[in-house]
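As stored in start-v4.txt (compact mmCIF, C-alpha atoms):
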```txt
# COMPACT_ATOMS: atom_id res chain seq x y z
CA MET A 1 196.59 60.00 132.91
CA ASN A 2 197.62 63.59 133.64
CA LYS A 3 200.82 64.25 135.55
CA PRO A 4 200.23 64.98 139.25
CA GLN A 5 201.05 68.40 140.65
CA VAL A 6 203.92 68.89 143.08
CA PRO A 7 202.45 69.99 146.44
CA ASP A 8 202.67 73.73 146.96
CA PHE A 9 203.77 73.31 150.59
CA LEU A 10 207.16 72.06 149.42
CA LYS A 11 207.97 75.76 148.98
CA ASN A 12 208.17 75.86 152.78
CA ILE A 13 211.28 73.66 152.68
CA ARG A 14 214.64 75.21 151.85
CA VAL A 15 218.09 73.75 151.28
CA VAL A 16 220.93 75.69 152.90
CA LEU A 17 224.50 75.12 151.72
CA ALA A 18 226.98 76.52 154.24
CA ARG A 19 230.26 77.77 152.78
CA PRO A 20 230.24 75.67 149.58
CA SER A 21 233.65 75.78 147.94
CA HIS A 22 232.90 74.31 144.50
CA PRO A 23 230.36 76.03 142.23
CA GLY A 24 229.71 72.75 140.44
CA ASN A 25 228.38 71.28 143.68
CA ILE A 26 225.92 74.15 143.95
CA GLY A 27 224.57 73.32 140.50
CA SER A 28 224.42 69.59 141.23
CA ALA A 29 222.61 70.24 144.51
CA ALA A 30 220.10 72.45 142.70
CA ARG A 31 219.45 69.67 140.21
CA ALA A 32 218.92 67.18 143.04
CA MET A 33 216.50 69.60 144.72
CA LYS A 34 214.36 70.32 141.68
CA THR A 35 214.12 66.62 140.89
CA MET A 36 212.38 66.24 144.25
CA GLY A 37 210.15 69.30 143.97
CA LEU A 38 212.24 71.76 146.00
CA THR A 39 213.24 75.14 144.61
CA ARG A 40 214.40 77.34 147.51
CA LEU A 41 218.18 77.39 147.77
CA TYR A 42 220.17 79.44 150.29
CA LEU A 43 223.94 79.86 150.03
CA VAL A 44 225.97 80.95 153.05
CA GLU A 45 229.27 82.55 152.02
CA PRO A 46 229.80 80.60 148.78
CA LYS A 47 233.41 80.73 147.64
CA ALA A 48 232.56 81.25 143.95
CA PHE A 49 229.05 82.34 143.01
CA PRO A 50 227.56 83.11 140.60
CA HIS A 51 229.59 80.83 138.35
CA GLU A 52 229.10 79.23 134.95
CA GLU A 53 230.01 75.78 136.30
CA ALA A 54 227.06 75.95 138.69
CA ASN A 55 224.74 76.63 135.76
CA VAL A 56 226.21 73.84 133.66
CA LEU A 57 225.87 71.18 136.34
CA ALA A 58 222.40 72.37 137.28
CA SER A 59 221.23 71.18 133.86
CA GLY A 60 217.48 71.93 133.77
CA ALA A 61 217.53 73.46 137.26
CA VAL A 62 219.31 76.70 136.35
CA ASP A 63 216.27 78.58 137.64
CA VAL A 64 216.95 77.22 141.14
CA VAL A 65 220.56 78.47 140.92
CA GLU A 66 219.59 81.87 139.55
CA ASN A 67 217.01 82.38 142.31
CA ALA A 68 219.35 81.26 145.10
CA ILE A 69 219.54 83.61 148.08
CA VAL A 70 223.08 84.43 149.16
CA VAL A 71 223.63 85.38 152.81
CA SER A 72 226.68 86.03 154.93
CA THR A 73 225.71 83.95 157.97
CA LEU A 74 223.76 80.80 158.71
CA ALA A 75 221.66 82.77 161.17
CA GLU A 76 220.34 84.86 158.29
CA ALA A 77 219.36 81.75 156.34
CA LEU A 78 217.48 80.35 159.35
CA ALA A 79 215.91 83.54 160.70
CA ASP A 80 212.30 82.56 159.92
CA VAL A 81 212.76 78.78 160.22
CA SER A 82 211.13 76.68 162.94
CA VAL A 83 212.83 73.36 162.17
CA ALA A 84 216.43 73.26 160.95
CA CYS A 85 218.10 69.91 160.26
CA ALA A 86 221.89 69.77 160.37
CA LEU A 87 223.13 67.03 158.03
CA THR A 88 226.29 65.45 159.40
CA SER A 89 228.25 62.23 159.09
CA ARG A 90 230.48 62.82 162.11
CA ARG A 91 229.97 61.82 165.71
CA ARG A 92 228.80 64.87 167.66
CA GLU A 93 228.93 65.33 171.41
CA LEU A 94 225.58 67.09 171.44
CA SER A 95 222.29 66.46 173.21
CA THR A 96 220.30 67.12 170.03
CA PRO A 97 218.49 63.91 169.01
CA LEU A 98 220.11 62.08 166.08
CA SER A 99 217.93 60.47 163.40
CA THR A 100 218.04 59.25 159.81
CA PRO A 101 216.38 61.00 156.84
CA ARG A 102 213.67 58.33 156.77
CA GLU A 103 212.87 58.83 160.43
CA THR A 104 212.87 62.62 160.17
CA ALA A 105 210.98 63.07 156.90
CA PRO A 106 207.40 62.58 158.19
CA GLU A 107 207.76 65.32 160.82
CA LEU A 108 209.39 67.74 158.38
CA MET A 109 206.69 67.22 155.78
CA ALA A 110 203.93 67.61 158.36
CA ARG A 111 205.39 70.89 159.59
CA ALA A 112 205.83 72.21 156.05
CA ARG A 113 202.27 71.19 155.25
CA ASP A 114 201.13 73.22 158.27
CA GLY A 115 202.90 76.31 156.94
CA GLU A 116 206.09 76.20 159.02
CA GLN A 117 209.46 76.94 157.46
CA VAL A 118 211.84 73.97 157.35
CA ALA A 119 215.55 74.02 156.50
CA LEU A 120 217.96 71.27 155.46
CA VAL A 121 221.46 72.50 156.30
CA PHE A 122 224.52 71.02 154.58
CA GLY A 123 228.09 71.89 155.37
CA ASN A 124 231.25 72.59 153.42
CA GLU A 125 232.40 69.77 151.08
CA THR A 126 235.66 69.24 152.95
CA PHE A 127 234.94 70.10 156.57
CA GLY A 128 231.18 69.73 156.88
CA LEU A 129 229.30 71.83 159.41
CA SER A 130 231.12 73.50 162.26
CA ILE A 131 230.03 72.96 165.85
CA ASP A 132 228.62 76.48 165.90
CA GLU A 133 226.57 75.81 162.75
CA VAL A 134 225.25 72.53 164.12
CA GLU A 135 224.22 74.23 167.36
CA GLN A 136 222.10 76.70 165.38
CA CYS A 137 219.95 73.78 164.22
CA ASN A 138 217.39 71.88 166.31
CA ARG A 139 217.57 68.55 164.50
CA LEU A 140 220.59 66.37 163.74
CA VAL A 141 220.32 64.01 160.76
CA THR A 142 222.77 61.41 159.49
CA VAL A 143 222.45 59.40 156.29
CA PRO A 144 223.16 55.76 157.25
CA GLY A 145 225.86 53.97 155.29
CA ASN A 146 228.85 51.66 155.41
CA PRO A 147 230.68 52.41 158.70
CA ASP A 148 233.99 51.43 157.07
CA TYR A 149 233.55 53.67 154.04
CA PHE A 150 231.11 56.54 154.01
CA SER A 151 231.80 59.17 151.37
CA LEU A 152 228.72 60.93 150.02
CA ASN A 153 229.45 64.10 148.13
CA LEU A 154 227.34 67.18 148.74
CA ALA A 155 224.85 66.67 145.91
CA MET A 156 224.42 62.99 146.83
CA ALA A 157 223.55 63.93 150.40
CA VAL A 158 221.06 66.52 149.16
CA GLN A 159 219.50 63.93 146.85
CA VAL A 160 219.10 61.32 149.59
CA MET A 161 217.49 63.77 152.01
CA THR A 162 215.17 65.37 149.47
CA TYR A 163 214.11 61.98 148.12
CA GLU A 164 213.03 60.87 151.57
CA LEU A 165 210.95 64.02 151.88
CA PHE A 166 209.35 63.62 148.46
CA SER A 167 208.46 60.00 149.18
CA HIS A 168 206.00 61.40 151.76
CA SER A 169 204.48 63.95 149.37
CA GLY A 170 201.69 61.73 148.12
CA VAL A 171 202.76 62.14 144.49
CA SER A 172 202.30 58.78 142.79
CA VAL A 173 203.93 57.36 139.65
CA ASP A 174 200.69 55.99 138.24
CA TYR A 175 200.86 58.50 135.38
CA LEU A 176 203.98 56.68 134.11
CA LYS A 177 202.26 53.31 133.92
CA PRO A 178 201.05 52.23 130.47
CA GLU A 179 197.32 52.30 129.86
CA ASP A 180 195.72 49.02 130.84
CA ARG A 181 194.26 47.40 127.74
CA THR A 182 193.62 43.91 129.09
CA ALA A 183 191.78 41.71 126.62
CA THR A 184 188.21 40.72 127.45
CA LEU A 185 187.19 37.11 127.96
CA GLY A 186 185.47 37.22 124.58
CA GLU A 187 188.61 38.47 122.86
CA VAL A 188 190.69 35.72 124.47
CA ASP A 189 188.14 33.07 123.40
CA SER A 190 188.19 34.41 119.84
CA PHE A 191 192.01 34.37 119.95
CA CYS A 192 191.98 30.73 121.12
CA GLY A 193 189.62 29.86 118.28
CA HIS A 194 192.09 31.39 115.83
CA LEU A 195 194.91 29.46 117.51
CA GLU A 196 192.99 26.21 117.07
CA ALA A 197 192.40 26.95 113.37
CA ALA A 198 196.07 27.78 112.81
CA MET A 199 197.17 24.58 114.58
CA ALA A 200 194.84 22.56 112.39
CA ASP A 201 196.03 24.28 109.20
CA VAL A 202 199.70 23.52 109.88
CA GLY A 203 198.93 19.93 110.91
CA TYR A 204 199.88 20.34 114.54
CA LEU A 205 196.70 18.71 115.88
CA GLU A 206 197.18 15.47 113.95
CA HIS A 207 197.80 12.43 116.15
CA ARG A 208 197.25 14.49 119.32
CA ASN A 209 194.46 14.69 121.86
CA SER A 210 193.31 18.01 120.44
CA GLU A 211 190.46 18.53 122.91
CA ARG A 212 192.74 18.19 125.93
CA LEU A 213 195.48 20.29 124.31
CA LEU A 214 193.14 23.14 123.39
CA ARG A 215 191.56 23.13 126.84
CA ARG A 216 194.98 23.60 128.39
CA MET A 217 195.85 26.33 125.91
CA ARG A 218 192.64 28.20 126.76
CA THR A 219 193.45 27.92 130.46
CA LEU A 220 196.98 29.19 129.79
CA PHE A 221 195.91 32.28 127.85
CA HIS A 222 193.07 33.20 130.20
CA ARG A 223 195.54 33.01 133.10
CA ALA A 224 198.11 35.15 131.22
CA ALA A 225 195.95 38.31 131.33
CA LEU A 226 196.86 39.14 127.75
CA GLN A 227 196.84 42.70 126.50
CA ARG A 228 194.87 43.47 123.33
CA GLU A 229 198.07 44.46 121.53
CA GLU A 230 199.62 41.09 122.42
CA ILE A 231 196.62 39.27 120.98
CA ASP A 232 196.89 41.30 117.78
CA ILE A 233 200.58 40.37 117.43
CA LEU A 234 199.94 36.66 117.93
CA ARG A 235 196.96 36.61 115.59
CA GLY A 236 199.08 38.28 112.93
CA PHE A 237 201.58 35.44 113.33
CA PHE A 238 198.78 32.85 113.06
CA LYS A 239 197.59 34.42 109.80
CA GLN A 240 201.08 34.29 108.37
CA ALA A 241 201.45 30.61 109.34
CA GLN A 242 198.08 29.81 107.73
CA ARG A 243 199.12 31.53 104.50
CA PHE A 244 202.23 29.38 104.35
CA ALA A 245 200.15 26.29 105.07
CA ASP A 246 197.60 26.90 102.27
CA GLY A 247 200.21 27.99 99.74
CA THR A 248 199.06 31.57 99.29
CA LEU A 249 202.40 32.73 100.65
CA PRO A 250 205.32 30.87 99.07
CA PRO A 251 208.27 29.92 101.27
CA ARG A 252 211.03 32.48 101.40
CA LYS A 253 214.24 31.59 99.61
CA LYS A 254 217.16 30.77 101.83
CA SER A 255 220.30 32.83 101.43
CA GLY A 256 222.58 31.22 98.87
CA ASP A 257 219.75 29.52 96.94
```
Is it possible to express this structure as structure tokens?
Amino acid sequence: MNKPQVPDFLKNIRVVLARPSHPGNIGSAARAMKTMGLTRLYLVEPKAFPHEEANVLASGAVDVVENAIVVSTLAEALADVSVACALTSRRRELSTPLSTPRETAPELMARARDGEQVALVFGNETFGLSIDEVEQCNRLVTVPGNPDYFSLNLAMAVQVMTYELFSHSGVSVDYLKPEDRTATLGEVDSFCGHLEAAMADVGYLEHRNSERLLRRMRTLFHRAALQREEIDILRGFFKQAQRFADGTLPPRKKSGD
């Protein structure tokens, strides 16, 4: 199966990092973005950029780092945006509705699909977003976590938020599933016939109710939904056992003999 295409409307979603102080976090955030199909990165007053550490930690997402747009104010990064989500972990005395990434994602994806510009705004690693920066956004989003210990780093927060968005993209993982090669009923019956012959050759059916035993074995293997490759493996084993039984394959010598 061919790999699915990432929806083009994801280009309408940008990640904005406000005043990032560590270039490595910029690279890690870019990697998190690209993993979830996002490529538009805005940097508001980065302390050190461009920087080799950002490229190193971006891994295969160096293109996202190299194409990042650097601006001097958050207002510039949000100028053409209709929905801006401020990511925060602190209690805010604001009237802006507070929601989780999972609750917010469907609306953001729908707006991006309709051609609107959407922004995910993340604050400085140490201080987060300022009150002024939060007030420039019209959505407030908090990643839920342990109330007694909540310490997501910047790239982790970006990953959580972008994953929730991508989970609503319609991109499936079916292309990663192995090809279904389930054995046919005829192939299973032929396999069971070989099993019966092998059991007889090694003397397993002696002094047993062979008819009842084989009926149960057939039921077992039909229920197991065997793959063709699995049948081939087992039949290879049966052939080897039969060769030992008829003497065409002498027993292997034990170590020390």
* To do: Excluding Leu78 in chain A and residues on its chain fewer than 3 positions from it, collect all residues at most 9 Å away from it, counting only C-alpha atoms, and give them as an NGL selection string.
  => :A and (16 or 74-75 or 81-84 or 117-119 or 136-137)
* **Residue neighbourhood Gly24 in chain A, 12 Å, all atoms listed in the file, exclusion window fewer than 3 positions, as an MDAnalysis selection string** => chainID A and resid 20:21 27:31 46:59 62 65 125 153:155
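For the atom pair formed by CA of Pro147 in chain A and CA of Leu165 in chain A, the distance is 23.9 Å, given to one decimal.
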* Write out as a PyMOL selection string each polymer residue whose atoms come within 8 Å of Phe9 in chain A, counting only C-alpha atoms; drop sequence neighbours fewer than 5 positions from it. => chain A and resi 112-113+115
Generate the output file for the selected residues, C-alpha atoms, as a PDB file, in the frame of the given file.
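And here's selection-v1.pdb as it stands now:
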```
ATOM      1  CA  ALA A 112     205.830  72.210 156.050  1.00  0.00           C
ATOM      2  CA  ARG A 113     202.270  71.190 155.250  1.00  0.00           C
ATOM      3  CA  GLY A 115     202.900  76.310 156.940  1.00  0.00           C
TER       4      GLY A 115
END
```
* Rank nothing, just name the residue among A:Gln5, A:Thr35, A:Ser72, A:Thr126 nearest to Met161 in chain A, using only C-alpha atoms. =>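 Of all the options, A:Thr35 lies closest to Met161 in chain A.
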* Can you pull out every residue within 12 Å of Pro4 in chain A, counting all atoms listed in the file, but drop anything in the same chain fewer than 3 positions away, and send it as a ChimeraX atom specification? => /A:1,7-8,37,169-176
* Just give me the gap between CA of Glu116 in chain A and CA of Ile13 in chain A in Å, one decimal is fine. =>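 If I compute the distance from CA of Glu116 in chain A to CA of Ile13 in chain A, I get 8.6 Å.
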* CA of Ala198 in chain A and CA of Glu230 in chain A, how far apart in Å? ->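 Interatomic distance here is 16.8 Å.
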* Asked: Could you pull the residues within 9 Å of Val15 in chain A, counting only C-alpha atoms, minus those fewer than 5 positions along the same chain, as an NGL selection string?
  -> :A and (29-30 or 33 or 38-43 or 118-122 or 158)
* To do: Just give me the residues with any atom within 9 Å of (210.7, 61.8, 154.3), file coordinates, counting only C-alpha atoms, written as a list in words.
  => Pro101, Arg102, Glu103, Thr104, Ala105, Pro106, Glu107, Leu108, Met109, Met161, Thr162, Tyr163, Glu164, Leu165, Phe166, Ser167, His168 and Ser169 of chain A
* Dump as a PyMOL selection string all residues having an atom at most 12 Å from (197.8, 24.7, 110.7), computed in the file's coordinates with all atoms listed in the file. => chain A and resi 194-206+237-247
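Of the residues under consideration (A:Tyr149, A:Gly123, A:Asp132, A:Ala224), A:Ala224 shows the shortest atom-to-atom contact distance to Leu185 in chain A when counting all atoms listed in the file.
With distances restricted to only C-alpha atoms, A:Ala32 is the closest residue to Met156 in chain A from A:Val141, A:Leu87, A:Ile26, A:Ala32.
When all atoms listed in the file are used to measure the gap to Thr96 in chain A, the shortest distance among A:Asp114, A:Asp63, A:Asp80, A:Glu135 belongs to A:Glu135.
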Quick one: range 86-111 of chain A with N, CA, C and O atoms, as a short mmCIF file (atom, residue, chain, number, x, y, z; two decimals), keeping the file's coordinate frame?
```cif
data_model
loop_
_atom_site.label_atom_id
_atom_site.label_comp_id
_atom_site.auth_asym_id
_atom_site.auth_seq_id
_atom_site.Cartn_x
_atom_site.Cartn_y
_atom_site.Cartn_z
N ALA A 86 220.47 69.76 160.71
CA ALA A 86 221.89 69.77 160.37
C ALA A 86 222.25 68.38 159.85
O ALA A 86 222.10 67.38 160.56
N LEU A 87 222.70 68.31 158.62
CA LEU A 87 223.13 67.03 158.03
C LEU A 87 224.60 66.82 158.34
O LEU A 87 225.44 67.65 157.98
N THR A 88 224.91 65.71 159.00
CA THR A 88 226.29 65.45 159.40
C THR A 88 226.58 63.96 159.33
O THR A 88 225.69 63.13 159.47
N SER A 89 227.83 63.64 159.09
CA SER A 89 228.25 62.23 159.09
C SER A 89 229.25 61.96 160.20
O SER A 89 229.79 60.86 160.30
N ARG A 90 229.50 62.98 161.04
CA ARG A 90 230.48 62.82 162.11
C ARG A 90 229.79 62.64 163.46
O ARG A 90 228.68 63.12 163.68
N ARG A 91 230.47 61.96 164.34
CA ARG A 91 229.97 61.82 165.71
C ARG A 91 230.01 63.19 166.40
O ARG A 91 231.00 63.91 166.35
N ARG A 92 228.89 63.56 167.01
CA ARG A 92 228.80 64.87 167.66
C ARG A 92 228.47 64.69 169.14
O ARG A 92 227.57 63.93 169.51
N GLU A 93 229.20 65.39 169.97
CA GLU A 93 228.93 65.33 171.41
C GLU A 93 227.88 66.39 171.76
O GLU A 93 228.14 67.38 172.43
N LEU A 94 226.68 66.15 171.24
CA LEU A 94 225.58 67.09 171.44
C LEU A 94 224.37 66.35 171.97
O LEU A 94 224.20 65.15 171.74
N SER A 95 223.51 67.08 172.67
CA SER A 95 222.29 66.46 173.21
C SER A 95 221.15 66.44 172.19
O SER A 95 220.12 65.82 172.43
N THR A 96 221.34 67.10 171.06
CA THR A 96 220.30 67.12 170.03
C THR A 96 220.05 65.70 169.54
O THR A 96 220.99 64.97 169.21
N PRO A 97 218.79 65.27 169.47
CA PRO A 97 218.49 63.91 169.01
C PRO A 97 219.01 63.65 167.60
O PRO A 97 218.91 64.51 166.72
N LEU A 98 219.57 62.47 167.39
CA LEU A 98 220.11 62.08 166.08
C LEU A 98 219.13 61.13 165.40
O LEU A 98 218.64 60.18 166.02
N SER A 99 218.84 61.35 164.13
CA SER A 99 217.93 60.47 163.40
C SER A 99 218.39 60.34 161.95
O SER A 99 219.30 61.04 161.50
N THR A 100 217.75 59.45 161.22
CA THR A 100 218.04 59.25 159.81
C THR A 100 217.05 60.08 158.98
O THR A 100 216.01 60.50 159.47
N PRO A 101 217.34 60.29 157.70
CA PRO A 101 216.38 61.00 156.84
C PRO A 101 215.00 60.34 156.84
O PRO A 101 213.99 61.03 156.88
N ARG A 102 214.97 59.03 156.81
CA ARG A 102 213.67 58.33 156.77
C ARG A 102 212.88 58.55 158.04
O ARG A 102 211.65 58.67 158.01
N GLU A 103 213.56 58.60 159.16
CA GLU A 103 212.87 58.83 160.43
C GLU A 103 212.40 60.27 160.57
O GLU A 103 211.35 60.54 161.17
N THR A 104 213.16 61.19 160.01
CA THR A 104 212.87 62.62 160.17
C THR A 104 211.84 63.13 159.17
O THR A 104 211.10 64.07 159.47
N ALA A 105 211.80 62.54 157.99
CA ALA A 105 210.98 63.07 156.90
C ALA A 105 209.51 63.29 157.25
O ALA A 105 208.95 64.35 156.91
N PRO A 106 208.83 62.35 157.91
CA PRO A 106 207.40 62.58 158.19
C PRO A 106 207.14 63.85 159.00
O PRO A 106 206.20 64.60 158.70
N GLU A 107 207.96 64.11 160.02
CA GLU A 107 207.76 65.32 160.82
C GLU A 107 208.00 66.57 159.98
O GLU A 107 207.23 67.54 160.06
N LEU A 108 209.07 66.56 159.19
CA LEU A 108 209.39 67.74 158.38
C LEU A 108 208.28 68.04 157.39
O LEU A 108 207.90 69.21 157.19
N MET A 109 207.76 67.01 156.76
CA MET A 109 206.69 67.22 155.78
C MET A 109 205.42 67.71 156.46
O MET A 109 204.71 68.57 155.93
N ALA A 110 205.13 67.17 157.63
CA ALA A 110 203.93 67.61 158.36
C ALA A 110 204.03 69.08 158.75
O ALA A 110 203.07 69.84 158.63
N ARG A 111 205.20 69.49 159.19
CA ARG A 111 205.39 70.89 159.59
C ARG A 111 205.30 71.81 158.37
O ARG A 111 204.71 72.90 158.44
#
```
